[in-house]
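**Student:** I have a structure I would like to understand better, so I am pasting it below and will then ask my questions one at a time.
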Amino acid sequence: MNFMKLTNTQYNSIMQEYRRLQQDRDELIRKRKRELREKVPGFARLDDDFIAQGRKALFDSLSQGGRADFKGLTESVIFQEKDLLRRNGYPEDYLDPPYQCPDCRDSGYIDGEPCHCMKKRAIEIVFKDEPVMKRMLTDRFSDFSLDYYPTDRIDPQTGASARDWAKRALEASRGFVDTFGDGIRNIVFYGSAGSGKTFLSSCIAGSLLREGKTVLYLSAARLFDVMADHSFRRDGYSDDVGYTSIFSSDLLIIDDLGTEISNAFTSLSLFDVIQSRASSEKAVIISTNLDLKEIRGRYTDRIYSRLIERYNFYHLFGFDGRYENGLKNLKPAKKNGGH
Ligand SMILES: [Zn+2]
């Protein structure tokens, strides 16, 4: 198994995408320049002047062994250029179109370090076949309907109904997105299969992805596979995207905790992840079919106590797509929540 290392081919395809972005932008600028030279009187002369001045400055600096003041030169020309564009009804930044990522100017690197957009692309490529990673792109909060959670199904532990819990979980999920980054907040969604845990996690993930955050969303089984593969291999790769993103992504979502084959290694790994992410103040969301008692029985005390201390628990249960239909007849079943 070597799914966590970014292969040369994958790396090259990412870099090729950056080159394409830069080329497209350069081509757009050239096209617009040609257009302006034709349509805007005075633009061609300014542009030629700029090129000539640039050449002269370069020549002078080379012949004098010094450095040309390109910055001053460029700023003055850019000022004139913007003025000319404005007076002719063009936007000021017509020749400086936006980058897809202004932080690294579509180069993928900032001061030699991979940019957040690069990390995001790497995660997408390495985990492109992970089913939950795909769902993030389509699941939306607006499709989460409380109507499917009955008011007469009561959680005996808390006395709250399925609808009450679903409402709390939905509010917490939206709040999680709205306040992401202001202090650390972690969530455990627990409850029976198909009750909307994965759906809400996926909505959160999608919302944050659209804000440019890095999100890693993995089943527990896959998470432990990645960690095992890293630990038991001798030639630890330094560009181990899968492994490092478990610790460095802005948000980690562990789906279906409890379905993995558990042993001493998984317990140790889970604690490592929870502890490391807490100390670097990065959020975690866990969804599980286990209830509190089962979590306690299955994992070590220190995992259980970390979860109790630092995570908010939301119980999702009683999801019933037919419930609403029973009341309102004829309303077609809407695809919602669960798997
Ligand atoms: Zn970037």
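Just remember, in the structure tokens the first chain shown is A, the second B, etc., residues are 1-based per chain, and ligands are 1-based in the order shown.
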Could you give me the residues within 12 Å of ligand 1, counting only C-alpha atoms and all ligand atoms, as number ranges by chain?
**Tutor:** A: 14-15, 18, 21, 99-121, 212-214
**Student:** Can you pull out every residue from region 66-250 of chain A that DSSP, working from the backbone, puts in strand (DSSP E or B), and format the result as a PyMOL selection string?
**Tutor:** chain A and resi 109-110+113-114+154+161+186-190+215-219
**Student:** Quick one: contact table of region 173-233 of chain A to region 133-145 of chain A, 6 Å max, nearest atom pair and distance in Å to one decimal per residue, counting only C-alpha atoms, chain and number order, as a Markdown table?
**Tutor:**
| residue | atom | partner | partner_atom | distance |
| --- | --- | --- | --- | --- |
| A:Ser202 | CA | A:Met136 | CA | 4.8 |
| A:Cys203 | CA | A:Arg140 | CA | 5.1 |
| A:Ala205 | CA | A:Met136 | CA | 5.9 |
| A:Gly206 | CA | A:Met136 | CA | 4.6 |
| A:Tyr217 | CA | A:Met133 | CA | 5.8 |
**Student:** Can you list, as a ChimeraX atom specification, every protein, DNA or RNA residue that comes within 12 Å of Gln10 (chain A) when you count only C-alpha atoms, leaving out same-chain residues fewer than 2 positions away?
**Tutor:** /A:3-8,12-17,118,121-128,239,241
**Student:** Please report the interatomic distance between CA of Leu216 (chain A) and CA of Tyr148 (chain A) in Å with one decimal.
**Tutor:** 28.5 Å
**Student:** Can you work out the spacing between CA of Pro150 (chain A) and CA of Tyr311 (chain A) in Å, to one decimal?
**Tutor:** 25.7 Å
**Student:** From the set A:Leu208, A:Asp229, A:Ser195, A:Leu268, which residue has the shortest atom-to-atom contact distance to Tyr314 (chain A), counting only C-alpha atoms?
**Tutor:**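 Closest to Tyr314 (chain A), using only C-alpha atoms: A:Ser195.
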**Student:** Write down as JSON, numbers by chain the residues belonging to region 248-299 of chain A that are assigned alpha helix (DSSP H) by DSSP computed on the backbone.
**Tutor:** {"A": [248, 264, 265, 266, 267, 268, 269, 270, 271, 272, 273, 274, 275, 276, 277, 278, 279, 292, 293, 294, 295, 296, 297, 298]}
**Student:** Within 10 Å of Ser161 (chain A), counting only C-alpha atoms, which residues show up once you throw out same-chain ones fewer than 5 positions away? Write them as a list in words, please.
**Tutor:**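 That gives Tyr149, Pro150, Thr151, Asp152, Arg153, Ile154, Asp155, Pro156, Ala166, Lys167, His315, Leu316, Phe317 and Gly318 of chain A.
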**Student:** Sorted by chain and rising residue number, which residues of region 182-231 of chain A lie within 10 Å of region 292-310 of chain A, and what are their closest atom pairs and distances in Å to one decimal, counting only C-alpha atoms, as a Markdown table?
**Tutor:**
| residue | atom | partner | partner_atom | distance |
| --- | --- | --- | --- | --- |
| A:Ile184 | CA | A:Arg310 | CA | 9.0 |
| A:Arg185 | CA | A:Arg310 | CA | 7.6 |
| A:Asn186 | CA | A:Arg310 | CA | 6.6 |
| A:Ile187 | CA | A:Arg310 | CA | 8.6 |
| A:Val188 | CA | A:Leu307 | CA | 8.3 |
| A:Tyr190 | CA | A:Leu292 | CA | 8.4 |
| A:Gly191 | CA | A:Leu292 | CA | 9.9 |
**Student:** Write out as a PyMOL selection string each polymer residue whose atoms come within 12 Å of Leu270 (chain A), counting only C-alpha atoms; drop sequence neighbours fewer than 4 positions from it.
**Tutor:** chain A and resi 220-221+223-225+227-228+246-247+254+257-258+260+262-266+274-277+284+286+298-300+302-304+306-307
**Student:** Considering only C-alpha atoms, state which residue in the set A:Arg163, A:Arg174, A:Lys31, A:Lys282 is at the smallest distance from Val215 (chain A).
**Tutor:**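 Closest residue, counting only C-alpha atoms: A:Lys282.
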**Student:** I'd like to know which of A:Phe319, A:Phe59, A:Tyr11, A:Phe79 is closest to Phe199 (chain A), using only C-alpha atoms.
**Tutor:**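 That would be A:Phe319, the residue with the smallest distance to Phe199 (chain A).
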**Student:** When you look at Asp178 (chain A) with a cut-off of 10 Å (counting only C-alpha atoms), what residues show up, excluding the ones that are within fewer than 5 positions of it in the same chain? I need them as JSON, numbers by chain.
**Tutor:** {"A": [172, 173, 204, 207, 208]}
**Student:** Selection from above, C-alpha atoms, as a compact mmCIF listing (two decimals), in the first residue's frame, can you write it?
**Tutor:**
# COMPACT_ATOMS: atom_id res chain seq x y z
CA ALA A 172 -23.91 23.47 16.23
CA SER A 173 -22.79 22.55 12.71
CA ILE A 204 -19.47 21.39 7.40
CA SER A 207 -18.69 24.91 3.56
CA LEU A 208 -15.13 25.20 4.87
**Student:** Suppose you want the space between CA of Phe271 (chain A) and CA of Asp129 (chain A); what is it in Å?
**Tutor:**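 Distance reported for this atom pair: 26.3 Å.
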**Student:** Pick from A:Ala283, A:Ile261, A:Leu290, A:Arg210: nearest to Ser192 (chain A), with only C-alpha atoms counted?
**Tutor:**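 Checking each of A:Ala283, A:Ile261, A:Leu290, A:Arg210 against Ser192 (chain A), counting only C-alpha atoms, the winner is A:Leu290.
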